[in-house]
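Colleague: Just one file: my_file-v1.txt, with compact mmCIF, C-alpha atoms.
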# COMPACT_ATOMS: atom_id res chain seq x y z
CA MET U 453 0.00 0.00 0.00
CA THR U 454 1.11 3.56 -0.65
CA VAL U 455 1.70 6.03 2.12
CA ALA U 456 1.99 9.77 1.53
CA LEU U 457 5.47 10.68 2.72
CA PRO U 458 7.62 13.81 2.51
CA SER U 459 9.25 14.00 -0.92
CA ALA U 460 12.57 15.54 0.08
CA LEU U 461 14.20 12.25 1.05
CA GLY U 462 17.49 11.19 -0.41
CA ALA U 463 17.82 7.98 -2.38
CA HIS U 464 19.69 6.25 0.43
CA GLU U 465 17.28 7.26 3.21
CA PRO U 466 15.17 4.04 3.23
CA ALA U 467 18.21 1.80 3.75
CA ARG U 468 19.48 4.00 6.60
CA HIS U 469 16.05 4.04 8.27
CA ALA U 470 15.68 0.27 7.84
CA PHE U 471 19.01 -0.38 9.54
CA GLY U 472 18.19 1.97 12.41
CA ALA U 473 14.71 0.51 12.89
CA ARG U 474 15.92 -3.09 12.91
CA ARG U 475 18.55 -2.25 15.49
CA ALA U 476 16.02 -0.39 17.66
CA VAL U 477 13.50 -3.24 17.51
CA ALA U 478 16.20 -5.81 18.28
CA GLY U 479 17.04 -3.75 21.35
CA GLU U 480 13.39 -3.77 22.44
CA VAL U 481 13.13 -7.54 21.97
CA ALA U 482 16.27 -8.00 24.06
CA ARG U 483 14.86 -5.67 26.69
CA ALA U 484 11.60 -7.63 26.79
CA ALA U 485 13.54 -10.88 27.23
CA GLY U 486 15.52 -9.34 30.07
CA ASN U 487 12.31 -8.11 31.70
CA ALA U 488 10.83 -11.60 31.47
CA LEU U 489 13.88 -13.12 33.12
CA GLY U 490 13.82 -10.47 35.83
CA LEU U 491 10.08 -10.76 36.50
CA PRO U 492 10.38 -13.09 39.53
CA PHE U 493 12.79 -10.64 41.21
CA ARG U 494 10.58 -7.64 40.45
CA ALA U 495 7.53 -9.49 41.72
CA ALA U 496 9.37 -10.47 44.89
CA GLY U 497 10.42 -6.87 45.44
CA TYR U 498 6.85 -5.76 44.90
CA LEU U 499 5.51 -8.24 47.45
CA LEU U 500 7.92 -6.86 50.04
CA GLN U 501 6.54 -3.36 49.44
CA LYS U 502 2.92 -4.33 48.75
CA ASN U 503 1.41 -3.02 51.96
CA ALA U 504 3.13 0.36 51.62
CA LEU U 505 2.09 0.58 47.97
CA ARG U 506 -1.50 -0.21 48.86
CA ARG U 507 -1.53 2.49 51.53
CA ALA U 508 -0.19 5.01 49.03
CA LEU U 509 -2.80 3.99 46.47
CA ALA U 510 -5.55 4.30 49.08
CA ALA U 511 -4.52 7.93 49.52
CA ASP U 512 -4.58 8.43 45.74
CA LEU U 513 -8.12 7.04 45.57
CA GLU U 514 -9.28 9.97 47.69
CA SER U 515 -8.12 12.34 44.96
CA VAL U 516 -10.66 13.53 42.40
CA ALA U 517 -9.09 15.22 39.39
CA SER U 518 -11.24 17.59 37.36
CA VAL U 519 -11.15 17.15 33.62
CA ALA U 520 -8.53 19.37 31.98
CA GLU U 521 -9.84 21.65 29.26
CA ALA U 522 -7.33 22.65 26.60
CA PRO U 523 -6.01 26.22 26.54
CA ALA U 524 -7.46 28.68 24.08
CA PRO U 525 -6.67 27.77 20.44
CA ARG U 526 -3.41 29.16 19.14
CA ALA U 527 -1.82 29.27 15.73
CA LEU U 528 -1.08 25.92 14.19
CA PRO U 529 1.35 25.31 11.32
CA ALA U 530 -0.13 26.53 8.02
CA ARG U 531 0.54 23.14 6.42
CA ALA U 532 -1.48 20.02 7.08
CA LEU U 533 -0.49 18.37 10.34
CA ARG U 534 0.95 14.87 10.17
CA LEU U 535 -0.44 12.57 12.88
CA PHE U 536 0.21 8.93 13.74
CA ILE U 537 -2.72 7.20 15.55
CA ALA U 538 -2.24 3.60 16.63
CA SER U 539 -4.50 0.93 18.10
CA ALA U 540 -3.84 -2.76 18.67
CA GLU U 541 -7.12 -4.32 19.85
CA PRO U 542 -10.87 -3.74 19.30
CA SER U 543 -11.71 -1.48 22.24
CA GLY U 544 -8.61 0.61 21.63
CA GLU U 545 -9.52 0.94 17.96
CA HIS U 546 -12.99 2.14 18.95
CA HIS U 547 -11.38 5.00 20.90
CA ALA U 548 -8.82 5.64 18.14
CA VAL U 549 -11.46 5.99 15.44
CA ARG U 550 -13.43 8.45 17.55
CA LEU U 551 -10.22 10.36 18.24
CA ILE U 552 -9.59 10.63 14.49
CA HIS U 553 -13.12 12.07 14.08
CA ALA U 554 -12.52 14.57 16.89
CA LEU U 555 -9.11 15.69 15.59
CA ARG U 556 -10.50 16.27 12.11
CA ALA U 557 -13.49 18.17 13.51
CA GLU U 558 -11.34 20.37 15.77
CA LEU U 559 -8.92 21.24 12.97
CA ALA U 560 -11.83 22.09 10.67
CA ARG U 561 -13.29 24.29 13.42
CA LEU U 562 -9.96 26.12 13.68
CA GLY U 563 -9.83 26.61 9.90
CA ALA U 564 -6.74 24.41 9.58
CA PRO U 565 -6.12 21.99 6.71
CA ALA U 566 -7.28 18.42 7.10
CA PRO U 567 -4.53 16.37 8.74
CA GLU U 568 -2.47 13.66 7.07
CA ILE U 569 -2.95 10.58 9.25
CA LEU U 570 -0.94 7.38 9.29
CA ALA U 571 -2.11 4.57 11.54
CA LEU U 572 -1.91 1.13 12.98
CA GLY U 573 -5.37 -0.39 13.14
CA GLY U 574 -7.98 -2.64 11.65
CA ALA U 575 -11.00 -2.45 9.40
CA ALA U 576 -12.68 0.33 11.39
CA THR U 577 -9.60 2.53 10.98
CA ARG U 578 -9.35 1.83 7.25
CA ALA U 579 -13.06 2.64 6.88
CA GLU U 580 -12.17 6.21 7.88
CA GLY U 581 -9.97 6.53 4.80
CA VAL U 582 -6.82 6.32 6.92
CA GLU U 583 -3.74 4.56 5.59
CA THR U 584 -2.61 1.77 7.92
CA LEU U 585 0.86 0.31 8.25
CA GLY U 586 -0.42 -2.96 9.73
CA ASP U 587 -3.35 -4.59 11.48
CA PRO U 588 -2.53 -5.70 15.04
CA VAL U 589 -6.27 -5.54 15.83
CA ALA U 590 -6.95 -8.62 13.70
CA ARG U 591 -3.99 -10.36 15.32
CA ALA U 592 -5.33 -9.62 18.81
CA ALA U 593 -8.71 -11.06 17.83
CA MET U 594 -7.00 -14.37 16.97
CA GLY U 595 -6.00 -14.77 20.62
CA LEU U 596 -2.59 -16.32 19.85
CA ASP U 597 -0.08 -16.70 22.67
CA PRO U 598 2.69 -14.06 22.95
CA LEU U 599 5.54 -16.35 21.83
CA ARG U 600 3.77 -17.29 18.59
CA SER U 601 3.01 -13.62 17.98
CA LEU U 602 6.51 -12.27 18.69
CA PRO U 603 7.81 -12.46 15.06
CA PHE U 604 4.68 -10.66 13.82
CA TYR U 605 5.05 -7.83 16.33
CA ALA U 606 8.80 -7.51 15.72
CA ARG U 607 8.16 -7.11 11.97
CA LEU U 608 5.32 -4.67 12.69
CA LEU U 609 7.50 -2.51 14.95
CA THR U 610 10.31 -2.47 12.38
CA HIS U 611 8.01 -1.48 9.52
CA THR U 612 6.30 1.15 11.65
CA ALA U 613 9.58 2.67 12.84
CA GLU U 614 10.88 2.84 9.26
CA SER U 615 7.68 4.46 8.00
CA LEU U 616 7.53 7.02 10.82
CA ALA U 617 11.14 8.01 10.20
CA ARG U 618 10.07 8.97 6.67
CA PHE U 619 6.63 10.36 7.52
CA GLN U 620 7.94 12.54 10.39
CA PRO U 621 4.61 13.02 12.21
CA ASP U 622 4.05 16.10 14.36
CA LEU U 623 2.67 13.82 17.07
CA CYS U 624 2.42 10.07 17.68
CA VAL U 625 -0.67 9.00 19.65
CA PRO U 626 -0.84 5.31 20.55
CA VAL U 627 -4.16 4.32 22.13
CA ASP U 628 -4.20 1.80 25.02
CA SER U 629 -2.24 -1.52 24.56
CA PRO U 630 0.92 -0.63 26.53
CA ALA U 631 2.58 -4.01 25.89
CA LEU U 632 3.06 -3.04 22.24
CA PHE U 633 3.09 0.72 22.45
CA VAL U 634 5.62 1.29 25.23
CA PRO U 635 8.38 -0.28 23.06
CA LEU U 636 7.15 1.67 20.03
CA ALA U 637 7.08 4.89 22.06
CA ARG U 638 10.68 4.38 23.18
CA ILE U 639 11.73 3.89 19.56
CA THR U 640 9.91 6.99 18.32
CA ARG U 641 11.07 9.15 21.22
CA ARG U 642 14.71 8.20 20.61
CA ALA U 643 14.13 9.18 16.98
CA GLY U 644 13.10 12.67 18.11
CA LEU U 645 9.36 12.23 17.52
CA ARG U 646 6.84 13.56 20.04
CA ASN U 647 4.32 11.18 21.60
CA VAL U 648 1.34 11.15 23.96
CA HIS U 649 -0.45 8.03 25.18
CA PHE U 650 -4.26 8.05 25.20
CA VAL U 651 -5.65 5.89 28.02
CA ALA U 652 -2.92 5.56 30.62
CA PRO U 653 -2.42 1.92 31.67
CA GLN U 654 -3.67 0.53 34.95
CA TYR U 655 -0.21 0.00 36.42
CA TRP U 656 -1.64 1.15 39.75
CA ALA U 657 -3.52 -2.18 39.88
CA TRP U 658 -0.81 -4.59 38.78
CA ALA U 659 2.93 -4.56 38.08
CA PRO U 660 3.49 -0.97 39.28
CA TRP U 661 7.22 -1.31 38.60
CA ARG U 662 6.43 -0.94 34.88
CA VAL U 663 5.71 2.74 35.37
CA HIS U 664 9.45 3.49 35.27
CA ALA U 665 9.76 2.25 31.69
CA TYR U 666 6.53 4.04 30.84
CA ARG U 667 7.95 7.33 32.10
CA GLU U 668 10.94 6.89 29.79
CA ALA U 669 8.77 6.08 26.80
CA PHE U 670 6.03 8.75 26.81
CA GLU U 671 6.19 12.51 27.15
CA ARG U 672 2.69 12.60 28.58
CA ALA U 673 -0.30 10.38 29.33
CA LEU U 674 -4.02 11.12 29.08
CA THR U 675 -5.82 9.66 32.10
CA ILE U 676 -9.44 8.54 32.29
CA LEU U 677 -10.12 7.77 35.99
CA PRO U 678 -10.16 10.63 38.51
CA PHE U 679 -7.54 9.18 40.89
CA GLU U 680 -4.98 8.35 38.18
CA PRO U 681 -3.34 11.81 37.93
CA ALA U 682 -2.35 11.63 41.61
CA TRP U 683 -0.87 8.15 41.20
CA TYR U 684 1.06 9.05 38.07
CA ALA U 685 2.28 12.31 39.56
CA ARG U 686 3.87 10.36 42.42
CA HIS U 687 5.76 8.38 39.79
CA GLY U 688 6.92 11.37 37.78
CA VAL U 689 4.69 10.90 34.73
CA PRO U 690 3.12 14.12 33.37
CA THR U 691 -0.59 13.66 32.70
CA LEU U 692 -3.68 15.44 31.46
CA HIS U 693 -7.00 14.20 32.76
CA VAL U 694 -9.64 14.02 30.02
CA GLY U 695 -12.26 11.74 31.60
CA HIS U 696 -13.59 8.35 30.56
CA PRO U 697 -14.14 7.94 26.79
CA ALA U 698 -16.72 5.18 27.36
CA LEU U 699 -19.10 7.89 28.61
CA ASP U 700 -19.19 9.57 25.20
CA GLY U 701 -22.16 9.11 22.91
CA LEU U 702 -24.29 7.01 25.24
CA PRO U 703 -28.05 7.16 24.61
CA PRO U 704 -30.42 8.58 27.25
CA ALA U 705 -31.22 6.06 29.97
CA PRO U 706 -34.74 5.46 31.31
CA PRO U 707 -35.32 6.12 35.02
CA PRO U 708 -34.13 3.33 37.34
CA ASP U 709 -37.73 2.78 38.51
CA ASP U 710 -39.14 2.53 34.97
CA PRO U 711 -41.73 -0.31 35.03
CA ARG U 712 -40.25 -1.72 31.82
CA ARG U 713 -37.12 -2.67 33.79
CA THR U 714 -37.79 -6.31 34.62
CA SER U 715 -34.94 -8.51 33.33
CA LEU U 716 -31.61 -9.78 34.56
CA VAL U 717 -28.82 -9.24 32.02
CA LEU U 718 -25.77 -11.47 31.76
CA LEU U 719 -22.58 -9.83 30.46
CA PRO U 720 -19.90 -12.52 30.08
CA GLY U 721 -17.25 -10.45 28.27
CA SER U 722 -16.10 -10.10 24.69
CA ARG U 723 -13.05 -12.36 24.44
CA GLY U 724 -13.72 -16.02 23.72
CA SER U 725 -11.65 -17.34 26.62
CA VAL U 726 -13.35 -14.99 29.10
CA VAL U 727 -16.81 -15.97 27.85
CA ALA U 728 -15.95 -19.68 28.11
CA ARG U 729 -14.77 -19.33 31.73
CA ASN U 730 -17.53 -17.07 33.01
CA LEU U 731 -20.75 -17.75 31.11
CA PRO U 732 -21.39 -21.30 32.41
CA TRP U 733 -21.09 -20.06 36.01
CA MET U 734 -23.41 -17.14 35.24
CA LEU U 735 -25.98 -19.44 33.67
CA ALA U 736 -25.94 -21.72 36.71
CA ARG U 737 -26.62 -18.73 39.01
CA ALA U 738 -29.38 -17.46 36.74
CA ALA U 739 -30.97 -20.92 36.74
CA GLU U 740 -30.96 -20.93 40.55
CA LEU U 741 -32.60 -17.51 40.57
CA ARG U 742 -35.29 -18.66 38.15
CA ALA U 743 -35.99 -21.67 40.36
CA ARG U 744 -36.65 -19.28 43.26
CA HIS U 745 -38.42 -16.67 41.14
CA PRO U 746 -40.25 -18.36 38.24
CA GLY U 747 -40.78 -16.14 35.26
CA LEU U 748 -37.61 -14.05 35.74
CA GLU U 749 -36.53 -12.92 32.27
CA VAL U 750 -32.82 -13.45 31.54
CA VAL U 751 -31.18 -11.69 28.59
CA LEU U 752 -27.67 -12.00 27.22
CA PRO U 753 -26.88 -8.94 25.08
CA HIS U 754 -23.61 -9.10 23.18
CA ALA U 755 -21.80 -6.65 20.93
CA ARG U 756 -19.88 -9.17 18.81
CA ALA U 757 -22.00 -11.22 16.43
CA GLU U 758 -18.96 -13.37 15.56
CA ARG U 759 -19.28 -14.91 19.05
CA ARG U 760 -22.81 -16.20 18.32
CA ALA U 761 -21.85 -19.82 17.59
CA GLU U 762 -19.74 -20.31 20.72
CA ILE U 763 -22.28 -18.55 22.96
CA GLU U 764 -25.14 -20.62 21.56
CA ALA U 765 -23.08 -23.78 22.18
CA LEU U 766 -22.58 -22.79 25.83
CA LEU U 767 -26.31 -22.07 26.19
CA ARG U 768 -27.18 -25.50 24.76
CA ALA U 769 -24.67 -27.22 27.05
CA ALA U 770 -26.31 -25.55 30.06
CA GLY U 771 -29.84 -26.31 28.85
CA ALA U 772 -30.48 -22.56 29.03
CA ASP U 773 -33.11 -22.23 26.32
CA TRP U 774 -34.80 -19.67 28.61
CA VAL U 775 -32.03 -17.11 27.90
CA ARG U 776 -32.83 -14.56 25.21
CA LEU U 777 -29.70 -13.83 23.18
CA ALA U 778 -29.55 -10.33 21.68
CA PHE U 779 -26.86 -8.77 19.47
CA GLY U 780 -26.26 -5.14 18.67
CA ASP U 781 -28.44 -2.99 20.93
CA LEU U 782 -26.66 -3.16 24.29
CA HIS U 783 -28.21 -0.04 25.80
CA GLY U 784 -31.67 -0.94 24.56
CA GLU U 785 -31.42 -4.16 26.55
CA LEU U 786 -29.82 -2.48 29.57
CA GLY U 787 -32.66 0.04 29.58
CA ARG U 788 -35.10 -2.85 30.06
CA ALA U 789 -33.00 -4.51 32.76
CA ARG U 790 -33.38 -4.36 36.53
CA ALA U 791 -29.98 -5.81 37.47
CA ALA U 792 -26.87 -7.32 35.89
CA LEU U 793 -24.41 -10.15 36.44
CA SER U 794 -21.27 -9.01 34.65
CA VAL U 795 -17.59 -9.65 34.24
CA SER U 796 -15.33 -6.75 35.09
CA GLY U 797 -14.44 -4.39 32.26
CA THR U 798 -15.44 -1.23 30.42
CA VAL U 799 -19.04 -2.47 30.32
CA LEU U 800 -19.32 -1.33 33.96
CA ILE U 801 -19.44 2.24 32.60
CA ASP U 802 -22.52 1.24 30.60
CA LEU U 803 -24.10 -0.21 33.75
CA LEU U 804 -23.34 2.99 35.65
CA HIS U 805 -24.90 5.09 32.89
CA GLN U 806 -28.08 3.01 33.24
CA ARG U 807 -27.81 3.13 37.08
CA LEU U 808 -28.11 -0.67 37.14
CA PRO U 809 -27.29 -2.61 40.33
CA ALA U 810 -24.86 -5.40 39.52
CA ALA U 811 -22.77 -8.30 40.74
CA VAL U 812 -19.31 -8.33 39.14
CA ILE U 813 -17.25 -11.49 38.78
CA TYR U 814 -14.04 -12.64 37.20
CA ARG U 815 -13.56 -16.39 37.10
CA LEU U 816 -10.01 -17.70 36.70
CA ASP U 817 -8.66 -20.97 35.32
CA GLY U 818 -7.36 -22.44 38.56
CA ALA U 819 -6.42 -22.02 42.18
CA THR U 820 -2.89 -20.92 41.30
CA GLY U 821 -4.19 -18.10 39.12
CA ALA U 822 -6.54 -16.96 41.89
CA ARG U 823 -3.74 -16.95 44.47
CA ILE U 824 -1.45 -14.99 42.14
CA ALA U 825 -4.21 -12.46 41.42
CA ASN U 826 -4.86 -11.93 45.11
CA GLN U 827 -1.14 -11.49 45.80
CA ILE U 828 -0.19 -9.30 42.84
CA LEU U 829 -3.11 -6.85 42.76
CA SER U 830 -2.34 -3.65 44.64
CA VAL U 831 -5.97 -2.46 44.74
CA PRO U 832 -8.67 -3.13 47.37
CA TRP U 833 -11.22 -3.88 44.61
CA PHE U 834 -10.78 -4.93 40.99
CA ALA U 835 -13.97 -3.33 39.60
CA SER U 836 -13.06 0.17 38.42
CA LEU U 837 -16.25 1.78 39.70
CA ASN U 838 -15.61 0.46 43.21
CA LEU U 839 -12.21 2.15 43.09
CA VAL U 840 -13.79 5.43 42.00
CA ALA U 841 -16.40 5.06 44.76
CA ARG U 842 -13.80 3.94 47.34
CA ARG U 843 -16.27 1.28 48.42
CA ALA U 844 -18.00 -1.78 46.96
CA VAL U 845 -21.02 -0.23 45.23
CA TYR U 846 -20.97 -3.35 43.04
CA TRP U 847 -20.57 -6.72 44.78
CA GLU U 848 -17.47 -8.35 43.29
CA ALA U 849 -15.61 -11.66 43.42
CA CYS U 850 -12.51 -12.98 41.66
CA PHE U 851 -12.27 -16.76 42.05
CA HIS U 852 -11.77 -20.18 40.53
CA GLY U 853 -14.10 -23.16 40.64
CA GLU U 854 -17.56 -22.70 42.08
CA GLY U 855 -16.71 -19.56 44.03
CA PRO U 856 -19.09 -17.60 46.28
CA ARG U 857 -22.37 -18.89 44.85
CA ALA U 858 -24.58 -18.09 47.83
CA GLN U 859 -23.25 -14.56 48.25
CA CYS U 860 -23.75 -13.78 44.57
CA LEU U 861 -27.32 -15.10 44.62
CA ALA U 862 -28.15 -13.12 47.76
CA HIS U 863 -26.82 -9.93 46.19
CA LEU U 864 -28.72 -10.45 42.94
CA GLU U 865 -31.95 -11.10 44.82
CA GLN U 866 -31.50 -7.79 46.63
CA ALA U 867 -30.65 -6.01 43.38
CA LEU U 868 -33.75 -7.40 41.69
CA PHE U 869 -36.39 -7.41 44.41
CA ASP U 870 -35.37 -5.33 47.47
CA ASP U 871 -36.60 -1.76 46.93
CA ALA U 872 -34.74 -0.35 49.95
CA PHE U 873 -31.47 -1.87 48.75
CA ARG U 874 -32.05 -0.55 45.24
CA ALA U 875 -32.66 2.98 46.54
CA ARG U 876 -29.41 2.92 48.56
CA ASN U 877 -27.47 1.53 45.62
CA LEU U 878 -28.90 4.13 43.27
CA ALA U 879 -27.66 6.91 45.57
CA GLU U 880 -24.22 5.29 45.60
CA LEU U 881 -24.15 5.05 41.80
CA GLU U 882 -25.15 8.71 41.49
CA ALA U 883 -22.16 9.63 43.67
CA VAL U 884 -19.85 7.48 41.54
CA ALA U 885 -21.09 9.17 38.37
CA ALA U 886 -20.36 12.57 39.89
CA ARG U 887 -16.81 11.52 40.82
CA LEU U 888 -16.18 9.98 37.40
CA GLY U 889 -16.91 13.28 35.68
CA PRO U 890 -18.66 14.41 32.50
CA SER U 891 -18.71 12.92 29.02
CA GLY U 892 -16.77 14.52 26.17
CA ALA U 893 -13.42 12.84 26.87
CA VAL U 894 -12.46 12.22 23.25
CA ALA U 895 -13.11 15.81 22.17
CA ARG U 896 -11.10 17.04 25.17
CA ALA U 897 -8.30 14.64 24.24
CA ALA U 898 -8.24 15.96 20.67
CA ARG U 899 -8.01 19.57 21.83
CA GLN U 900 -5.30 18.74 24.34
CA LEU U 901 -3.26 16.89 21.72
CA LEU U 902 -3.44 19.79 19.27
CA SER U 903 -2.40 22.21 22.01
CA LEU U 904 0.84 20.20 22.45
CA ILE U 905 1.94 20.59 18.84
CA PRO U 906 4.53 23.37 18.46
CA THR U 907 3.81 26.12 15.96
Please express what this file holds, its structure, as structure tokens.

Modeller:
Amino acid sequence: MTVALPSALGAHEPARHAFGARRAVAGEVARAAGNALGLPFRAAGYLLQKNALRRALAADLESVASVAEAPAPRALPARALRLFIASAEPSGEHHAVRLIHALRAELARLGAPAPEILALGGAATRAEGVETLGDPVARAAMGLDPLRSLPFYARLLTHTAESLARFQPDLCVPVDSPALFVPLARITRRAGLRNVHFVAPQYWAWAPWRVHAYREAFERALTILPFEPAWYARHGVPTLHVGHPALDGLPPAPPPDDPRRTSLVLLPGSRGSVVARNLPWMLARAAELRARHPGLEVVLPHARAERRAEIEALLRAAGADWVRLAFGDLHGELGRARAALSVSGTVLIDLLHQRLPAAVIYRLDGATGARIANQILSVPWFASLNLVARRAVYWEACFHGEGPRAQCLAHLEQALFDDAFRARNLAELEAVAARLGPSGAVARAARQLLSLIPT
């Protein structure tokens, strides 16, 4: 494919860039290998400090950062800006595509030429008329293990580094996916290119030692949760707080006491492995609820139609022909729901928007995984909204095997049928929404990014 690049390059430039990129990527692969070998020692050091780190994080959770509005527009270069926008998995690409829209809209509002954009991304990025250097999104969807994927990502980094050396973007903006984009950011920063990361990683929850490499790689990070700026500031990472992009563009929600709200929704996740681990347990709990409360409607809304066959197979295996499977209209189904049983993830923002009481689970493969999770996590709760609330507004459990069945059932019965509990929980969710901040994160991010480009 052809990429629009500056024309004033000498005939020998591609070979020089190729050599430099290969050497830089080889260095990143060696660094990753060294990090893997050193992981047990870093983890041991973390465990020695875990209590102190948790106390420090608890103090950060009390902090509520306001969203940062960009300064007044100033003169931009008269030429078209060159931007590099990168995503590596589906949710990141969703944010990246909306960021492309917002950047184009803001530049048009300022009377500036349309930007030249080069990207990493999948079909949704290409549908915007953006030239892509590769498609890590499709690779992520395949779910291959890291070792099998290493040659692909090494080639992708090399090709991207070579192309960016020729394209010379005014700003590189990787979105999410720190495992791929921290190495890429180090390469581009050493090459003298400016970069900002959209959606700062959740290092505060796991592997906090990685923040040191992150600080070296990125000039700045855009945060989405209100306590993150305080945590990153303690670790020397400059940030701008733009708010949570999942709040943008959500449809109006019906009142929590709307009489149409009658169903229990099951939200088992988007990745195949997560669905396979969690959905059978969810179905068993829903079956127990239906035995106690005949006629309870159970709905499984899902955003990814390509998961239909595997989800239907799990429903058949559980004999759950009483579950209504719905694809496409998540918020339409949530607006008719009274409570949810959900895995942890971004979907909790959708539940908050609908003010839906919920039980949140994350089922692991085995006892060893559960023990490691309990030891390595530096947060008092794993559900993001509980962290924002600083209390368990959503009941949560991370476990293997059968887990806390009775506790989950008791919570769901309260969420569905106990009006006093629902009123208290609604007040808690309103407070969480206030702490989380307003919508408009992607537009704020676009304005902030443009304000960082030198004239």

Colleague: For stretch 609-613 of chain U, list every protein, DNA or RNA residue within 8 Å, evaluated using all atoms listed in the file, and leave out those in the same chain fewer than 3 positions away; present the list as a CSV table (one decimal) with C-alpha atoms, in the frame of the given file.

Modeller:
chain,number,residue,atom,x,y,z
U,470,ALA,CA,15.7,0.3,7.8
U,473,ALA,CA,14.7,0.5,12.9
U,474,ARG,CA,15.9,-3.1,12.9
U,477,VAL,CA,13.5,-3.2,17.5
U,585,LEU,CA,0.9,0.3,8.2
U,605,TYR,CA,5.0,-7.8,16.3
U,606,ALA,CA,8.8,-7.5,15.7
U,616,LEU,CA,7.5,7.0,10.8
U,617,ALA,CA,11.1,8.0,10.2
U,636,LEU,CA,7.2,1.7,20.0
U,639,ILE,CA,11.7,3.9,19.6
U,640,THR,CA,9.9,7.0,18.3

Colleague: Looking at all atoms listed in the file, which of U:Ala769, U:Val663, U:Ala579, U:Ala792 is the one that sits closest to U:Tyr684?

Modeller: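 With all atoms listed in the file as the atom set, the closest residue is U:Val663.
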
Colleague: Residues within 7 Å of (-30.9, 2.9, 37.6), file coordinates, counting only C-alpha atoms: what are they? Give the list as a ChimeraX atom specification.

Modeller: /U:707-709,806-808,878

Colleague: Quick check, in Å to one decimal: how far apart do atom CA of U:Gly574 and atom CA of U:Arg561 lie?

Modeller: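 We find that atom CA of U:Gly574 and atom CA of U:Arg561 lie 27.5 Å from each other.
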
Colleague: Can you tell me, as number ranges by chain, what residues are no more than 8 Å from U:Arg729 when counting all atoms listed in the file, ignoring any on the same chain fewer than 3 positions away?

Modeller: U: 725-726, 732-733, 815-817

Colleague: Using only C-alpha atoms, which of the listed residues (U:Val651, U:Leu766, U:Val549, U:Val627) sits closest to U:Pro681?

Modeller: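 Answer, going by the shortest atom-to-atom distance: U:Val651.
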
Colleague: Between atom CA of U:His863 and atom CA of U:Ala772, what distance in Å does the model show, to one decimal?

Modeller: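 It comes out at 21.6 Å.
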
Colleague: Neighbours of U:Ala841 within 8 Å (all atoms listed in the file; same-chain residues fewer than 3 positions away dropped), as number ranges by chain?

Modeller: U: 837-838, 844-845, 880, 883-884, 887

Colleague: Those residues with C-alpha atoms, as a PDB file, keeping the file's coordinate frame please?

Modeller:
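Result file is again21.pdb:
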ATOM      1  CA  LEU U 837     -16.250   1.780  39.700  1.00  0.00           C
ATOM      2  CA  ASN U 838     -15.610   0.460  43.210  1.00  0.00           C
ATOM      3  CA  ALA U 844     -18.000  -1.780  46.960  1.00  0.00           C
ATOM      4  CA  VAL U 845     -21.020  -0.230  45.230  1.00  0.00           C
ATOM      5  CA  GLU U 880     -24.220   5.290  45.600  1.00  0.00           C
ATOM      6  CA  ALA U 883     -22.160   9.630  43.670  1.00  0.00           C
ATOM      7  CA  VAL U 884     -19.850   7.480  41.540  1.00  0.00           C
ATOM      8  CA  ARG U 887     -16.810  11.520  40.820  1.00  0.00           C
TER       9      ARG U 887
END

Colleague: Which residue is closest to U:Pro492? Choose from U:Gly797, U:Ala698, U:Ala659, U:Arg600 and count only C-alpha atoms.

Modeller: U:Ala659

Colleague: From the set U:Pro856, U:Ala875, U:Arg759, U:Asp781, which residue has the shortest atom-to-atom contact distance to U:Pro809, counting all atoms listed in the file?

Modeller: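 The closest residue to U:Pro809 is U:Ala875.
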
Colleague: Using only C-alpha atoms, which protein or nucleic acid residues come within 6 Å of stretch 810-814 of chain U? Drop anything in the same chain fewer than 2 positions from it, and give the result as a list in words.

Modeller: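 In the requested format, the answer is Ala791, Ala792, Leu793, Ser794, Val795, Ser796, Tyr846, Trp847, Glu848, Ala849 and Cys850 of chain U.
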
Colleague: Since we have the selection now, will you write its residues out, keeping C-alpha atoms, as a PDB file, in the coordinates of the input?

Modeller:
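The result, written out as result-v1.pdb:
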ATOM      1  CA  ALA U 791     -29.980  -5.810  37.470  1.00  0.00           C
ATOM      2  CA  ALA U 792     -26.870  -7.320  35.890  1.00  0.00           C
ATOM      3  CA  LEU U 793     -24.410 -10.150  36.440  1.00  0.00           C
ATOM      4  CA  SER U 794     -21.270  -9.010  34.650  1.00  0.00           C
ATOM      5  CA  VAL U 795     -17.590  -9.650  34.240  1.00  0.00           C
ATOM      6  CA  SER U 796     -15.330  -6.750  35.090  1.00  0.00           C
ATOM      7  CA  TYR U 846     -20.970  -3.350  43.040  1.00  0.00           C
ATOM      8  CA  TRP U 847     -20.570  -6.720  44.780  1.00  0.00           C
ATOM      9  CA  GLU U 848     -17.470  -8.350  43.290  1.00  0.00           C
ATOM     10  CA  ALA U 849     -15.610 -11.660  43.420  1.00  0.00           C
ATOM     11  CA  CYS U 850     -12.510 -12.980  41.660  1.00  0.00           C
TER      12      CYS U 850
END

Colleague: What is the distance, in Å and to one decimal place, between atom CA of U:Val894 and atom CA of U:Leu752?

Modeller: 28.9 Å

Colleague: Leaving out U:Pro525 and any residue of its chain fewer than 2 positions from it, which residues lie within 12 Å of it when counting only C-alpha atoms, given as a PyMOL selection string?

Modeller: chain U and resi 521-523+527-528+558-559+561-564+898-905+907

Colleague: Counting only C-alpha atoms, which residue out of U:Gly780, U:Ala858, U:Cys624, U:Phe633 sits closest to U:Arg737?

Modeller: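 For U:Arg737, the nearest of the given residues is U:Ala858.
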
Colleague: Smallest atom-to-atom distance to U:Arg842: which of U:Leu888, U:Pro529, U:Ala755, U:Thr675, using only C-alpha atoms?

Modeller: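 Answer, going by the shortest atom-to-atom distance: U:Leu888.
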